[in-house]
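Q: Dumping the structure here so I can ask a few things about it.
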Amino acid sequence: MATDVHGPVTTGAAKPPAPASAVRVEGLTRSFDGRAVIERLKLDVRPGEFVALLGRSGCGKSTLLRILAGLDRDIEGTVLVPRRKAVAFQTPRLMPWKKVWRNVLLGLPGKPERTVAEKALEEVGLTHRSDAWPKTLSGGEAQRASLARALVREPDLLLLDEPFGALDALTRIKAQRLVGELWQRRGCAVLLVTHDVEEAVLLADRVLVMDGGVIAHETTVDLDRPRNITDPRFAEVRAGLLERLGVATAAEAG
Ligand SMILES: Nc1ncnc2c1ncn2[C@@H]1O[C@H](COP(=O)(O)OP(=O)(O)OP(=O)(O)O)[C@@H](O)[C@H]1O
């Protein structure tokens with residue numbers, strides 16, 4: 001079928017989105033070996049909105065995030081994202097031969113001063129590790145360094161791909177709290193890919209479920225912050241999403 005939503009391929013700096021949205025995606029299709037993983041997907045994220053993206057393993061979440069980050073341009077459709085965007089992955093991807101503060105500045109244009117790195121490290125509570133080598137960091141510290149590297153870009157859009165996935169439970173809770181605080185302070189839009197329904201409900205304004213190559217479901221999380229996982233309304237939202245994901249028992253979903 002001929003379709004007019006499949007506009008020219010536009011990513012990254014080419015066309016910033018209208019100010020009313022931080023992300024505008026229409027008719028996005030991405031195929032691997034002739035198989036469409038993403039098919040005519042539509043997505044809008046408002047400026048300053050925190051959106052979590054859930055979905056079965058292999059449904060295309062990371063593929064979508066990489067496209068939004070401008071790391072994959074082999075697509076059909078329209079993708080409009082802010083020029084200032086940053087991404088953090090499950091593994092911190094620090095360069096082992098550069099000290100933490102130099103890692104934070106990596107890839108920034110010009111010759112940024114060390115103070116720029118120090119400011120970002122302070123925001124994530126890592127000033128004391130500024131001169132450390134990456135291999136001496138704990139998992140949580142490395143992930144915070146990776147967040148600092150995203151923050152120095154002063155992003156209007158922060159893309160997070162399972163950033164807490166490899167952390168132990170306690171460190172994970174602290175990291176989630178930190179991201180929530182950073183988001184509130186910075187006011188940037190966030191798209192968080194996660195497998196953790198609780199994490200999504202804890203942090204996001206809106207939770208999307210990806211299935212069959214599209215955003216198959218969305219839930220607006222209308223709960224006051226900071227959110228409390230023992231709140232019955234929290235449990236209700238969580239159960240609804242679990243059901244959507246096809247993993248809830250009847251008792252849980254009820
Ligand atoms: N470079 C590639 N070449 C071929 N197939 C790919 C490539 N990248 C992703 N795929 C395929 O696309 C599908 C979606 O992968 P993707 O990593 O986006 O899923 P995901 O939802 O992020 O999964 P998970 O939750 O397990 O991380 C998978 O079937 C994967 O094998």
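Identifiers in this document derive from the order of the structure tokens: chains are assigned A, B, ..., residues are numbered from 1 separately in each chain, and ligands are numbered from 1 in order of occurrence.
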Hey, which residues sit close to ligand 1? Say within 12 Å, counting only C-alpha atoms and all ligand atoms, and write them as a PyMOL selection string.

A: chain A and resi 29-39+53-67+71-74+89-90+160-163+165+192-196+209-215

Q: When DSSP is applied to the backbone of this structure, which of segment 190-253 of chain A are assigned strand (DSSP E)? Write them out as an MDAnalysis selection string.

A: chainID A and resid 190:193 206:211 214:220

Q: With only C-alpha atoms as the counted atoms, please give the residues lying no more than 9 Å from Asp44 of chain A, apart from itself and same-chain residues fewer than 5 positions off, as a PyMOL selection string.

A: chain A and resi 21-26

Q: Those residues you just picked out, can you put them in a file as a tab-separated table (two decimals), in the first residue's frame with C-alpha atoms?

A:
```tsv
chain	number	residue	atom	x	y	z
A	21	SER	CA	7.60	17.30	20.97
A	22	ALA	CA	11.00	15.96	22.00
A	23	VAL	CA	10.61	12.92	19.76
A	24	ARG	CA	8.40	12.50	16.71
A	25	VAL	CA	8.46	9.21	14.91
A	26	GLU	CA	6.09	8.26	12.12
```

Q: Atom CA of Trp133 of chain A to atom CA of Met95 of chain A: how many Å, to one decimal?

A: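 So the two atoms, atom CA of Trp133 of chain A and atom CA of Met95 of chain A, lie 9.1 Å apart.
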
Q: With distances taken over only C-alpha atoms, which residue among A:Phe234, A:Phe164, A:Phe50, A:Trp97 lies nearest Val190 of chain A?

A: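 Looking at the shortest contact to Val190 of chain A, the residue is A:Phe50.
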